[in-house]
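First up is the structure itself, then whatever we jot down about it.
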Number of protein chains: 2
Amino acid sequence: MRTIEELTEQVRNNGGKVTAQRLLIWQTLYNNRTHPTAEELYQKLKQGSPTLSLTTLYNTLNELASWGDIRRIDNGDGSIHYDPFVEPHVELVCLICHKVVDSQSKPALLSAPEEMDGFKIISHSEQYYGYCPVCRDTFNQIKK
Amino acid sequence: MRTIEELTEQVRNNGGKVTAQRLLIWQTLYNNRTHPTAEELYQKLKQGSPTLSLTTLYNTLNELASWGDIRRIDNGDGSIHYDPFVEPHVELVCLICHKVVDSQSKPALLSAPEEMDGFKIISHSEQYYGYCPVCRDTFNQIKK
DNA sequence: TACTTACTTATAATTATTATAAAATAAAAA
DNA sequence: TTTTTATTTTATAATAATTATAAGTAAGTA
């Protein structure tokens, strides 16, 4: 995710307004490595800004996602998680409890091509699907 | 996705029953490369099996996902897409229209480690996020 | 064939996300 | 500074995907 200053420029360059709500949401996401959902962010943000609406939060998250500053993670628990850490990294996805964990392993590719099959590429990640330490026992029961 | 025979064994080995519904759903997914949603599958399946319920379809899809035979794809359009093609491959994700396209490019890693950070690994994929050919014009407007 | 347990169905409930329209406000213009 | 205007926010309502429940059905087994 870019810095607050760069995001400010991004909004201004497109005729947008740098509102208190946008700043608050940006600051809460910046350097956050916890993959929060919209609802989790909302509960946290409401403490400092009780009138903030969920719609605004969703609008701001969708906007950041369209710029490539955050990424959506579907971990299968019914709500979308957001990840402001968009540098190349490895994600581990549990097939049973749906947890998504950032791995400590280095990704195989450190840089992405600028273009692929007509797509302009902004970021990338590697995902490994399997059974987390907690669910490995369950795995032994279901994967026979 | 494993073959129908292997899935049959999988169910039987766990005290399950190979029902007409499971077979029908398995057969429809096998060799399918279109990333269908539950609803899309349901419309198709209902033609041959009018009393099939959405609940059964969801149950069967979740079951296949927990075995690693299919993978969930969140393309941001509000419903989960399912991908029975779980061999290593590259996916291109558009940040604007949320389309997810299988790339023709070879993945950087052809095989996954058996274990990573305590996870038992079943499959993996590479994802590249950016702007698809259709949305690249929009990109020029929003990414200033 | 009959029994047991797992599965399926129909229905209802839940919940995440988006649409809408009025009110508020940031930023540019006067 | 005040005014203006377009963008944004808010509150509310609507939508739609997915899951829970409970009664009925059928696969596998003896």
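Labels used: A, B, ... for chains in the order of the structure tokens, numbers from 1 for residues in each chain, and numbers from 1 for ligands as shown.
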| query | Which neighbours of DA6 in chain D fall inside 12 Å, counting only C-alpha atoms (C1' of nucleotides), when residues of the same chain fewer than 4 positions from it are skipped, and could you give them as a list in words? | reply |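 Non-adjacent residues within range: Gly15, Gly16 and Lys17 of chain A; DT25, DA26, DA27 and DA28 of chain C.
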| field | Residue contacts of Tyr42 in chain A (8 Å, only C-alpha atoms (C1' of nucleotides)) excluding same-chain residues fewer than 3 positions away, as an MDAnalysis selection string | value | chainID A and resid 38:39 45:46 54 57
Store the residues of this selection in a file with all heavy atoms, as an mmCIF file, in the first residue's frame.
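The resulting out.cif:
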data_model
loop_
_atom_site.group_PDB
_atom_site.id
_atom_site.type_symbol
_atom_site.label_atom_id
_atom_site.label_comp_id
_atom_site.auth_asym_id
_atom_site.auth_seq_id
_atom_site.Cartn_x
_atom_site.Cartn_y
_atom_site.Cartn_z
ATOM 1 N N ALA A 38 -14.191 -6.137 6.477
ATOM 2 C CA ALA A 38 -14.816 -4.819 6.559
ATOM 3 C C ALA A 38 -15.437 -4.625 7.941
ATOM 4 O O ALA A 38 -15.287 -3.567 8.554
ATOM 5 C CB ALA A 38 -15.876 -4.670 5.471
ATOM 6 N N GLU A 39 -16.110 -5.644 8.423
ATOM 7 C CA GLU A 39 -16.770 -5.541 9.724
ATOM 8 C C GLU A 39 -15.762 -5.328 10.861
ATOM 9 O O GLU A 39 -15.982 -4.504 11.747
ATOM 10 C CB GLU A 39 -17.597 -6.810 9.977
ATOM 11 C CG GLU A 39 -18.500 -6.747 11.181
ATOM 12 C CD GLU A 39 -19.514 -5.605 11.141
ATOM 13 O OE1 GLU A 39 -20.013 -5.284 10.038
ATOM 14 O OE2 GLU A 39 -19.792 -5.025 12.216
ATOM 15 N N LEU A 45 -12.819 1.256 13.763
ATOM 16 C CA LEU A 45 -12.892 2.653 13.335
ATOM 17 C C LEU A 45 -13.989 3.414 14.067
ATOM 18 O O LEU A 45 -13.856 4.614 14.345
ATOM 19 C CB LEU A 45 -13.134 2.723 11.827
ATOM 20 C CG LEU A 45 -11.975 2.265 10.939
ATOM 21 C CD1 LEU A 45 -12.456 1.960 9.536
ATOM 22 C CD2 LEU A 45 -10.883 3.336 10.912
ATOM 23 N N LYS A 46 -15.077 2.739 14.378
ATOM 24 C CA LYS A 46 -16.216 3.389 15.027
ATOM 25 C C LYS A 46 -15.848 3.995 16.377
ATOM 26 O O LYS A 46 -16.463 4.961 16.830
ATOM 27 C CB LYS A 46 -17.357 2.382 15.229
ATOM 28 C CG LYS A 46 -18.416 2.451 14.172
ATOM 29 C CD LYS A 46 -19.791 2.001 14.658
ATOM 30 C CE LYS A 46 -19.782 0.740 15.479
ATOM 31 N NZ LYS A 46 -21.131 0.119 15.518
ATOM 32 N N LEU A 54 -20.786 2.101 7.197
ATOM 33 C CA LEU A 54 -20.213 0.936 6.541
ATOM 34 C C LEU A 54 -20.075 1.178 5.034
ATOM 35 O O LEU A 54 -19.115 0.738 4.414
ATOM 36 C CB LEU A 54 -21.109 -0.282 6.769
ATOM 37 C CG LEU A 54 -20.595 -1.375 7.696
ATOM 38 C CD1 LEU A 54 -21.607 -2.480 7.829
ATOM 39 C CD2 LEU A 54 -19.280 -1.951 7.174
ATOM 40 N N LEU A 57 -16.922 2.881 4.295
ATOM 41 C CA LEU A 57 -15.800 1.956 4.445
ATOM 42 C C LEU A 57 -15.683 1.058 3.219
ATOM 43 O O LEU A 57 -14.602 0.912 2.632
ATOM 44 C CB LEU A 57 -15.983 1.131 5.715
ATOM 45 C CG LEU A 57 -14.915 0.076 5.998
ATOM 46 C CD1 LEU A 57 -13.521 0.681 5.998
ATOM 47 C CD2 LEU A 57 -15.202 -0.622 7.324
#
Each residue of chain B with at least one atom at most 8 Å from chain C should appear once, together with its nearest atom pair and the corresponding distance in Å (one decimal); atoms considered: only C-alpha atoms (C1' of nucleotides); ordering: chain, then increasing residue number; output as a Markdown table.
| residue | atom | partner | partner_atom | distance |
| --- | --- | --- | --- | --- |
| B:Gly16 | CA | C:DA6 | C1' | 6.6 |
| B:Lys17 | CA | C:DA6 | C1' | 6.9 |
| B:Thr19 | CA | C:DC7 | C1' | 7.9 |
| B:Thr51 | CA | C:DT9 | C1' | 7.8 |
| B:Leu52 | CA | C:DT9 | C1' | 7.7 |
| B:Ser53 | CA | C:DT9 | C1' | 6.2 |
| B:Thr56 | CA | C:DT8 | C1' | 6.6 |
| B:Gly78 | CA | C:DT17 | C1' | 7.8 |
| request: Can you work out the spacing between CA of Val93 in chain B and CA of Tyr129 in chain B in Å, to one decimal? | output: 4.8 Å
| message | Using DSSP assignments from the backbone, pull out every residue in range 10-101 of chain A that falls under strand (DSSP E) and give it to me as a list of chain:residue names. | response | A:Arg71, A:Arg72, A:Ile73, A:Asp74, A:Ile80, A:His81, A:Tyr82, A:Asp83, A:Val90, A:Glu91, A:Leu92, A:Val93, A:Cys94, A:Val100, A:Val101
Given the selection you just returned, output its residues as a file containing N, CA and C atoms, formatted as a CSV table (one decimal), in the first residue's frame.
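The file below, out19.csv, is the result:
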chain,number,residue,atom,x,y,z
A,71,ARG,N,-5.4,-5.8,-1.4
A,71,ARG,CA,-5.9,-6.9,-2.1
A,71,ARG,C,-7.0,-7.6,-1.4
A,72,ARG,N,-8.0,-8.2,-2.1
A,72,ARG,CA,-9.1,-8.9,-1.4
A,72,ARG,C,-8.6,-10.3,-1.2
A,73,ILE,N,-9.0,-10.9,-0.1
A,73,ILE,CA,-8.7,-12.3,0.2
A,73,ILE,C,-10.0,-13.0,0.5
A,74,ASP,N,-10.4,-14.0,-0.3
A,74,ASP,CA,-11.5,-14.8,0.1
A,74,ASP,C,-11.0,-16.0,0.8
A,80,ILE,N,-15.1,-11.0,2.9
A,80,ILE,CA,-13.8,-10.7,2.2
A,80,ILE,C,-12.9,-10.1,3.2
A,81,HIS,N,-11.6,-10.5,3.2
A,81,HIS,CA,-10.6,-9.9,4.0
A,81,HIS,C,-9.7,-9.0,3.1
A,82,TYR,N,-9.1,-8.0,3.7
A,82,TYR,CA,-8.3,-7.1,2.9
A,82,TYR,C,-6.9,-7.1,3.4
A,83,ASP,N,-6.0,-7.1,2.4
A,83,ASP,CA,-4.6,-7.2,2.7
A,83,ASP,C,-3.8,-6.0,2.1
A,90,VAL,N,4.2,-15.1,-0.1
A,90,VAL,CA,3.6,-16.5,-0.1
A,90,VAL,C,2.5,-16.5,0.9
A,91,GLU,N,1.3,-17.0,0.5
A,91,GLU,CA,0.2,-17.1,1.4
A,91,GLU,C,-0.2,-18.6,1.5
A,92,LEU,N,-0.4,-19.0,2.7
A,92,LEU,CA,-0.8,-20.4,3.0
A,92,LEU,C,-2.3,-20.4,3.3
A,93,VAL,N,-3.1,-21.2,2.6
A,93,VAL,CA,-4.5,-21.3,2.7
A,93,VAL,C,-5.0,-22.6,3.2
A,94,CYS,N,-5.6,-22.7,4.4
A,94,CYS,CA,-6.1,-24.0,4.9
A,94,CYS,C,-7.4,-24.4,4.3
A,100,VAL,N,-6.0,-17.9,6.2
A,100,VAL,CA,-5.0,-17.5,5.3
A,100,VAL,C,-3.8,-16.9,6.1
A,101,VAL,N,-2.6,-17.5,5.9
A,101,VAL,CA,-1.5,-17.0,6.7
A,101,VAL,C,-0.4,-16.6,5.8
| Skipping near chain neighbours, those fewer than 6 positions away, what residues fall within 12 Å of Pro88 in chain B using only C-alpha atoms (C1' of nucleotides), listed as a ChimeraX atom specification? | /A:126-129 /B:71,102-112,122-127
Write a file of the just-selected residues containing C-alpha atoms, as an mmCIF file, in the first residue's frame.
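Heads up, here's the output in out13.cif:
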data_model
loop_
_atom_site.group_PDB
_atom_site.id
_atom_site.type_symbol
_atom_site.label_atom_id
_atom_site.label_comp_id
_atom_site.auth_asym_id
_atom_site.auth_seq_id
_atom_site.Cartn_x
_atom_site.Cartn_y
_atom_site.Cartn_z
ATOM 1 C CA GLU A 126 1.914 -17.226 -4.593
ATOM 2 C CA GLN A 127 -0.685 -19.304 -2.865
ATOM 3 C CA TYR A 128 -0.302 -22.740 -1.349
ATOM 4 C CA TYR A 129 -3.397 -24.698 -0.376
ATOM 5 C CA ARG B 71 -10.556 -24.417 -5.373
ATOM 6 C CA ASP B 102 -6.223 -18.641 -16.523
ATOM 7 C CA SER B 103 -2.986 -17.488 -18.131
ATOM 8 C CA GLN B 104 -1.202 -19.384 -20.871
ATOM 9 C CA SER B 105 2.129 -18.659 -19.181
ATOM 10 C CA LYS B 106 3.936 -21.420 -17.337
ATOM 11 C CA PRO B 107 3.967 -21.041 -13.545
ATOM 12 C CA ALA B 108 7.342 -20.312 -11.947
ATOM 13 C CA LEU B 109 7.002 -23.337 -9.681
ATOM 14 C CA LEU B 110 5.831 -26.620 -11.167
ATOM 15 C CA SER B 111 5.821 -28.569 -7.919
ATOM 16 C CA ALA B 112 5.085 -27.510 -4.354
ATOM 17 C CA ILE B 122 -1.891 -30.072 -1.437
ATOM 18 C CA SER B 123 -1.739 -27.634 -4.367
ATOM 19 C CA HIS B 124 -0.606 -24.155 -5.309
ATOM 20 C CA SER B 125 -1.061 -21.350 -7.824
ATOM 21 C CA GLU B 126 0.412 -18.022 -8.812
ATOM 22 C CA GLN B 127 -1.744 -14.956 -9.043
#
For chain D versus chain A, which residues have an atom no more than 7 Å away, and what is each residue's nearest atom pair and distance in Å rounded to one decimal, using only C-alpha atoms (C1' of nucleotides), chain-then-number order, as CSV?
residue,atom,partner,partner_atom,distance
D:DT7,C1',A:Gly16,CA,6.7
D:DT9,C1',A:Thr56,CA,6.7
D:DT10,C1',A:Ser53,CA,6.3
Next, write the just-selected residues to a file, as a JSON list (two decimals), in the first residue's frame, keeping N, CA and C atoms (P, O5', C5', C4', C3', O3' and C1' of nucleotides) as the atom set.
[["chain", "number", "residue", "atom", "x", "y", "z"],
["D", 7, "DT", "P", -17.75, 15.42, -9.48],
["D", 7, "DT", "O5'", -17.28, 14.89, -8.05],
["D", 7, "DT", "C5'", -16.18, 15.51, -7.39],
["D", 7, "DT", "C4'", -16.20, 15.13, -5.94],
["D", 7, "DT", "C3'", -16.38, 13.63, -5.69],
["D", 7, "DT", "O3'", -15.31, 13.22, -4.86],
["D", 7, "DT", "C1'", -17.92, 14.87, -4.38],
["D", 9, "DT", "P", -16.09, 9.87, 1.90],
["D", 9, "DT", "O5'", -17.36, 10.03, 2.85],
["D", 9, "DT", "C5'", -17.50, 11.21, 3.62],
["D", 9, "DT", "C4'", -18.87, 11.23, 4.26],
["D", 9, "DT", "C3'", -19.26, 9.92, 4.95],
["D", 9, "DT", "O3'", -19.51, 10.20, 6.32],
["D", 9, "DT", "C1'", -21.02, 10.69, 3.52],
["D", 10, "DT", "P", -19.67, 9.04, 7.35],
["D", 10, "DT", "O5'", -21.25, 9.02, 7.57],
["D", 10, "DT", "C5'", -21.95, 10.25, 7.76],
["D", 10, "DT", "C4'", -23.44, 10.02, 7.59],
["D", 10, "DT", "C3'", -23.97, 8.74, 8.24],
["D", 10, "DT", "O3'", -24.91, 9.09, 9.24],
["D", 10, "DT", "C1'", -24.79, 8.99, 6.00]]
| said: Using only C-alpha atoms for the distances, tell me which of A:Glu87, A:Asp77, A:Asp117, A:Glu5 is nearest to chain B. | reply: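 The closest residue to chain B is A:Asp117.
Between chain A and the candidates B:Cys132, B:Leu61, B:Val86, B:Ile25, the tightest atom-to-atom separation, counting only C-alpha atoms, involves B:Cys132.
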| task | Name the residues of range 3-142 of chain A that fall into helix (DSSP H, G or I) according to DSSP on the backbone, using the chain letters and numbers of this document, as an NGL selection string. | result | :A and (4-13 or 20-29 or 38-48 or 54-67 or 136-142)
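Each of B:Gln47, B:Lys99, B:Ala20, B:Asn62 was compared to DA27 in chain D using only C-alpha atoms (C1' of nucleotides), and B:Ala20 turns out to be the nearest.
Each of B:Tyr58, B:Trp26, B:Trp67, B:Phe85 was checked against chain A using only C-alpha atoms; the smallest atom-to-atom distance is that of B:Trp67.
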| task | Have a look at C1' of DT15 in chain D and CA of Asn59 in chain A and let me know their distance in Å, one decimal. | result |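 The value is 17.3 Å.
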